[in-house]
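Below you'll find the structure, written out as structure tokens, and then a few comments.
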Amino acid sequence: MTIVQTVVVYISTTLVFAVLDLLWLGVVARGTYREALGTLMRDAPHWPAVVIFYLLFGVGVVVFAVLPGVQATSVMRALFVGALFGFFIYMSYELTNLAVIRDWPLHLVFVDVLWVAALTALSATAGYGMWSLINV
């Protein structure tokens with residue numbers, strides 16, 4: 001992949017992840033998180049942290065899921081490795097929270113891990129699809 005292709009794939013992968021995750025957190029599951037986290041949840045996101053997270057997570061999805069899919073010329077590889085990447089990253093995050101934060105909601109572990117595994121799989125698939133489009 002050229003540098004330009006990599007940048008285009010990165011942007012598309014990251015945008016898919018960020019837009020869908022923001023919809024999930026801000027609209028679809030907002031009440032679930034507010035109820036589960038109570039006073040731990042901010043009234044408004046800390047936007048610098050949000051932006052940095054999405055930019056870095058996008059790099060991880062491209063490096064660890066999209067590129068292996070491209071190298072294997074397999075969208076299923078990108079999807080599967082994306083799901084695994086999201087699963088392991090968020091399982092680490094959630095289990096750490098469960099271990100060190102008093103009263104961390106157990107159901108949130110499952111909700112977050114399943115959501116991010118599915119979302120990362122979808123984002124990696126989108127990144128692979130963009131690579132396929134620009135690599136014709």
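How things are named: the first chain in the structure tokens is A, the next is B, and so on; residues count from 1 in each chain; ligands count from 1 in the order shown.
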
If we count only C-alpha atoms and set the cut-off at 9 Å, which residues sit around stretch 117-129 of chain A, ignoring sequence neighbours fewer than 5 positions away in its own chain? Please answer as an mmCIF file with N, CA, C and O atoms, in the first residue's frame.
data_model
loop_
_atom_site.group_PDB
_atom_site.id
_atom_site.type_symbol
_atom_site.label_atom_id
_atom_site.label_comp_id
_atom_site.auth_asym_id
_atom_site.auth_seq_id
_atom_site.Cartn_x
_atom_site.Cartn_y
_atom_site.Cartn_z
ATOM 1 N N VAL A 8 -5.717 7.249 3.243
ATOM 2 C CA VAL A 8 -7.137 7.162 2.888
ATOM 3 C C VAL A 8 -7.810 6.025 3.655
ATOM 4 O O VAL A 8 -8.913 6.180 4.193
ATOM 5 N N VAL A 9 -7.144 4.883 3.735
ATOM 6 C CA VAL A 9 -7.682 3.744 4.481
ATOM 7 C C VAL A 9 -7.790 4.089 5.965
ATOM 8 O O VAL A 9 -8.797 3.791 6.609
ATOM 9 N N TYR A 10 -6.772 4.735 6.506
ATOM 10 C CA TYR A 10 -6.793 5.133 7.914
ATOM 11 C C TYR A 10 -7.963 6.081 8.201
ATOM 12 O O TYR A 10 -8.707 5.896 9.170
ATOM 13 N N ILE A 11 -8.120 7.085 7.359
ATOM 14 C CA ILE A 11 -9.198 8.060 7.572
ATOM 15 C C ILE A 11 -10.563 7.379 7.501
ATOM 16 O O ILE A 11 -11.423 7.597 8.365
ATOM 17 N N SER A 12 -10.773 6.538 6.508
ATOM 18 C CA SER A 12 -12.080 5.878 6.385
ATOM 19 C C SER A 12 -12.340 4.928 7.545
ATOM 20 O O SER A 12 -13.443 4.898 8.103
ATOM 21 N N THR A 13 -11.332 4.166 7.937
ATOM 22 C CA THR A 13 -11.476 3.243 9.064
ATOM 23 C C THR A 13 -11.804 3.999 10.348
ATOM 24 O O THR A 13 -12.724 3.631 11.079
ATOM 25 N N THR A 14 -11.059 5.046 10.601
ATOM 26 C CA THR A 14 -11.227 5.825 11.830
ATOM 27 C C THR A 14 -12.567 6.552 11.846
ATOM 28 O O THR A 14 -13.234 6.603 12.891
ATOM 29 N N LEU A 15 -12.974 7.101 10.710
ATOM 30 C CA LEU A 15 -14.266 7.789 10.649
ATOM 31 C C LEU A 15 -15.428 6.835 10.913
ATOM 32 O O LEU A 15 -16.363 7.176 11.654
ATOM 33 N N VAL A 16 -15.392 5.653 10.319
ATOM 34 C CA VAL A 16 -16.453 4.679 10.562
ATOM 35 C C VAL A 16 -16.518 4.350 12.046
ATOM 36 O O VAL A 16 -17.595 4.372 12.659
ATOM 37 N N PHE A 17 -15.372 4.063 12.642
ATOM 38 C CA PHE A 17 -15.347 3.721 14.062
ATOM 39 C C PHE A 17 -15.867 4.878 14.907
ATOM 40 O O PHE A 17 -16.751 4.692 15.751
ATOM 41 N N LEU A 20 -19.789 5.847 14.375
ATOM 42 C CA LEU A 20 -20.691 4.847 14.955
ATOM 43 C C LEU A 20 -20.569 4.774 16.474
ATOM 44 O O LEU A 20 -21.566 4.623 17.185
ATOM 45 N N ASP A 21 -19.351 4.902 16.986
ATOM 46 C CA ASP A 21 -19.165 4.862 18.436
ATOM 47 C C ASP A 21 -19.785 6.082 19.105
ATOM 48 O O ASP A 21 -20.409 5.962 20.164
ATOM 49 N N GLY A 58 -7.678 4.109 15.676
ATOM 50 C CA GLY A 58 -7.690 3.940 14.222
ATOM 51 C C GLY A 58 -6.375 3.392 13.701
ATOM 52 O O GLY A 58 -6.359 2.530 12.810
ATOM 53 N N VAL A 61 -6.353 -0.327 14.501
ATOM 54 C CA VAL A 61 -7.224 -1.111 13.620
ATOM 55 C C VAL A 61 -6.569 -1.301 12.258
ATOM 56 O O VAL A 61 -6.581 -2.407 11.701
ATOM 57 N N VAL A 62 -5.972 -0.260 11.727
ATOM 58 C CA VAL A 62 -5.317 -0.374 10.420
ATOM 59 C C VAL A 62 -4.124 -1.318 10.501
ATOM 60 O O VAL A 62 -3.982 -2.238 9.683
ATOM 61 N N ALA A 65 -5.444 -5.057 11.863
ATOM 62 C CA ALA A 65 -6.572 -5.740 11.223
ATOM 63 C C ALA A 65 -6.647 -5.483 9.717
ATOM 64 O O ALA A 65 -6.713 -6.428 8.937
ATOM 65 N N VAL A 66 -6.639 -4.220 9.324
ATOM 66 C CA VAL A 66 -6.788 -3.920 7.892
ATOM 67 C C VAL A 66 -5.576 -4.413 7.106
ATOM 68 O O VAL A 66 -5.731 -5.110 6.086
ATOM 69 N N LEU A 67 -4.383 -4.073 7.547
ATOM 70 C CA LEU A 67 -3.180 -4.491 6.805
ATOM 71 C C LEU A 67 -3.049 -6.009 6.690
ATOM 72 O O LEU A 67 -2.732 -6.505 5.604
ATOM 73 N N GLY A 69 -5.488 -8.057 6.528
ATOM 74 C CA GLY A 69 -6.489 -8.388 5.527
ATOM 75 C C GLY A 69 -6.016 -8.067 4.125
ATOM 76 O O GLY A 69 -6.195 -8.861 3.188
ATOM 77 N N VAL A 70 -5.388 -6.912 3.969
ATOM 78 C CA VAL A 70 -4.850 -6.506 2.665
ATOM 79 C C VAL A 70 -3.752 -7.469 2.229
ATOM 80 O O VAL A 70 -3.722 -7.918 1.078
ATOM 81 N N THR A 73 -5.250 -10.478 1.091
ATOM 82 C CA THR A 73 -6.313 -10.187 0.123
ATOM 83 C C THR A 73 -7.616 -10.847 0.570
ATOM 84 O O THR A 73 -8.286 -11.543 -0.193
ATOM 85 N N SER A 74 -7.984 -10.596 1.821
ATOM 86 C CA SER A 74 -9.138 -11.253 2.405
ATOM 87 C C SER A 74 -9.905 -10.298 3.324
ATOM 88 O O SER A 74 -9.408 -9.929 4.395
ATOM 89 N N VAL A 75 -11.105 -9.943 2.910
ATOM 90 C CA VAL A 75 -11.946 -9.107 3.754
ATOM 91 C C VAL A 75 -12.323 -9.859 5.030
ATOM 92 O O VAL A 75 -12.452 -9.252 6.098
ATOM 93 N N MET A 76 -12.466 -11.165 4.931
ATOM 94 C CA MET A 76 -12.795 -11.951 6.125
ATOM 95 C C MET A 76 -11.658 -11.914 7.135
ATOM 96 O O MET A 76 -11.897 -11.933 8.343
ATOM 97 N N ARG A 77 -10.437 -11.865 6.655
ATOM 98 C CA ARG A 77 -9.283 -11.752 7.564
ATOM 99 C C ARG A 77 -9.325 -10.424 8.295
ATOM 100 O O ARG A 77 -9.125 -10.362 9.503
ATOM 101 N N ALA A 78 -9.610 -9.335 7.559
ATOM 102 C CA ALA A 78 -9.703 -8.017 8.184
ATOM 103 C C ALA A 78 -10.822 -8.002 9.217
ATOM 104 O O ALA A 78 -10.648 -7.505 10.337
ATOM 105 N N LEU A 79 -11.971 -8.561 8.880
ATOM 106 C CA LEU A 79 -13.120 -8.600 9.779
ATOM 107 C C LEU A 79 -12.793 -9.415 11.035
ATOM 108 O O LEU A 79 -13.004 -8.950 12.156
ATOM 109 N N PHE A 80 -12.274 -10.608 10.859
ATOM 110 C CA PHE A 80 -11.991 -11.494 11.982
ATOM 111 C C PHE A 80 -10.909 -10.921 12.896
ATOM 112 O O PHE A 80 -11.068 -10.877 14.119
ATOM 113 N N VAL A 81 -9.819 -10.450 12.308
ATOM 114 C CA VAL A 81 -8.734 -9.893 13.124
ATOM 115 C C VAL A 81 -9.196 -8.591 13.782
ATOM 116 O O VAL A 81 -8.829 -8.295 14.919
ATOM 117 N N GLY A 82 -10.045 -7.820 13.080
ATOM 118 C CA GLY A 82 -10.614 -6.616 13.684
ATOM 119 C C GLY A 82 -11.440 -6.945 14.915
ATOM 120 O O GLY A 82 -11.325 -6.287 15.950
ATOM 121 N N ALA A 83 -12.275 -7.980 14.808
ATOM 122 C CA ALA A 83 -13.086 -8.395 15.957
ATOM 123 C C ALA A 83 -12.189 -8.822 17.118
ATOM 124 O O ALA A 83 -12.442 -8.455 18.272
ATOM 125 N N LEU A 84 -11.157 -9.583 16.821
ATOM 126 C CA LEU A 84 -10.233 -10.021 17.878
ATOM 127 C C LEU A 84 -9.501 -8.845 18.512
ATOM 128 O O LEU A 84 -9.355 -8.779 19.739
ATOM 129 N N PHE A 85 -9.041 -7.908 17.686
ATOM 130 C CA PHE A 85 -8.345 -6.730 18.193
ATOM 131 C C PHE A 85 -9.263 -5.954 19.142
ATOM 132 O O PHE A 85 -8.881 -5.634 20.275
ATOM 133 N N GLY A 86 -10.482 -5.669 18.701
ATOM 134 C CA GLY A 86 -11.430 -4.950 19.551
ATOM 135 C C GLY A 86 -11.739 -5.710 20.828
ATOM 136 O O GLY A 86 -11.805 -5.132 21.914
ATOM 137 N N PHE A 87 -11.929 -7.018 20.701
ATOM 138 C CA PHE A 87 -12.226 -7.861 21.865
ATOM 139 C C PHE A 87 -11.105 -7.784 22.897
ATOM 140 O O PHE A 87 -11.350 -7.531 24.082
ATOM 141 N N PHE A 88 -9.867 -8.005 22.472
ATOM 142 C CA PHE A 88 -8.762 -8.048 23.436
ATOM 143 C C PHE A 88 -8.445 -6.677 24.022
ATOM 144 O O PHE A 88 -8.159 -6.568 25.224
ATOM 145 N N ILE A 89 -8.517 -5.634 23.214
ATOM 146 C CA ILE A 89 -8.268 -4.286 23.738
ATOM 147 C C ILE A 89 -9.307 -3.944 24.799
ATOM 148 O O ILE A 89 -8.984 -3.487 25.902
ATOM 149 N N TYR A 90 -10.570 -4.157 24.469
ATOM 150 C CA TYR A 90 -11.609 -3.768 25.412
ATOM 151 C C TYR A 90 -11.764 -4.729 26.577
ATOM 152 O O TYR A 90 -12.171 -4.321 27.664
ATOM 153 N N ASP A 112 -19.756 -3.439 26.592
ATOM 154 C CA ASP A 112 -18.644 -2.746 25.940
ATOM 155 C C ASP A 112 -17.807 -3.669 25.061
ATOM 156 O O ASP A 112 -17.454 -3.311 23.939
ATOM 157 N N ILE A 134 -9.776 1.815 -3.886
ATOM 158 C CA ILE A 134 -8.694 2.674 -4.407
ATOM 159 C C ILE A 134 -7.569 1.861 -5.020
ATOM 160 O O ILE A 134 -6.658 2.434 -5.621
#

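Taking only C-alpha atoms into account, A:Val63 lies nearest to A:Thr6 out of the set A:Asn97, A:Thr39, A:Thr6, A:Asn135.
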
For atom CA of A:Trp47 and atom CA of A:Leu22, the interatomic separation in Å (one decimal): 11.5 Å

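When only C-alpha atoms are used to compute distances to A:Val109, the closest of the residues A:Phe64, A:Tyr93, A:Trp24, A:Trp131 turns out to be A:Tyr93.
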
Closest of A:Met91, A:Leu133, A:Thr96, A:Arg34 to A:Phe110 - atom-to-atom distances counting only C-alpha atoms: A:Met91

Nearest residue to A:Trp104 from the set A:Pro68, A:Gly60, A:Gly38, A:Pro48 (distances using only C-alpha atoms): A:Gly38

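The gap separating atom CA of A:Arg102 from atom CA of A:Phe57 is 26.6 Å, in Å to one decimal.
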
Non-local contacts of A:Met41 (12 Å; only C-alpha atoms; under 6 positions in same chain excluded) as a PyMOL selection string: chain A and resi 25+30-35+104

Which of A:Met1, A:Val19, A:Leu37, A:Val7 sits closest to A:Asp103 [using only C-alpha atoms]: A:Leu37

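The residue that comes closest to A:Ala36, out of A:Leu108, A:Leu23, A:Val116, A:Ala99 and on the basis of only C-alpha atoms, is A:Leu108.
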
Gap from atom CA of A:Val50 to atom CA of A:Thr2 - Å, one decimal: 28.2 Å

DSSP alpha helix (DSSP H) residues within stretch 20-134 of chain A, as JSON, numbers by chain: {"A": [20, 21, 22, 23, 30, 31, 32, 33, 34, 35, 36, 37, 47, 48, 49, 50, 51, 52, 53, 54, 55, 56, 57, 58, 59, 60, 61, 67, 68, 69, 70, 71, 72, 75, 76, 77, 78, 79, 80, 81, 82, 83, 84, 85, 86, 87, 88, 89, 90, 91, 92, 93, 94, 95, 96, 97, 98, 99, 100, 106, 107, 108, 109, 110, 111, 112, 113, 114, 115, 116, 117, 118, 119, 120, 121, 122, 123, 124, 125, 126, 127, 128, 129, 130, 131, 132, 133, 134]}
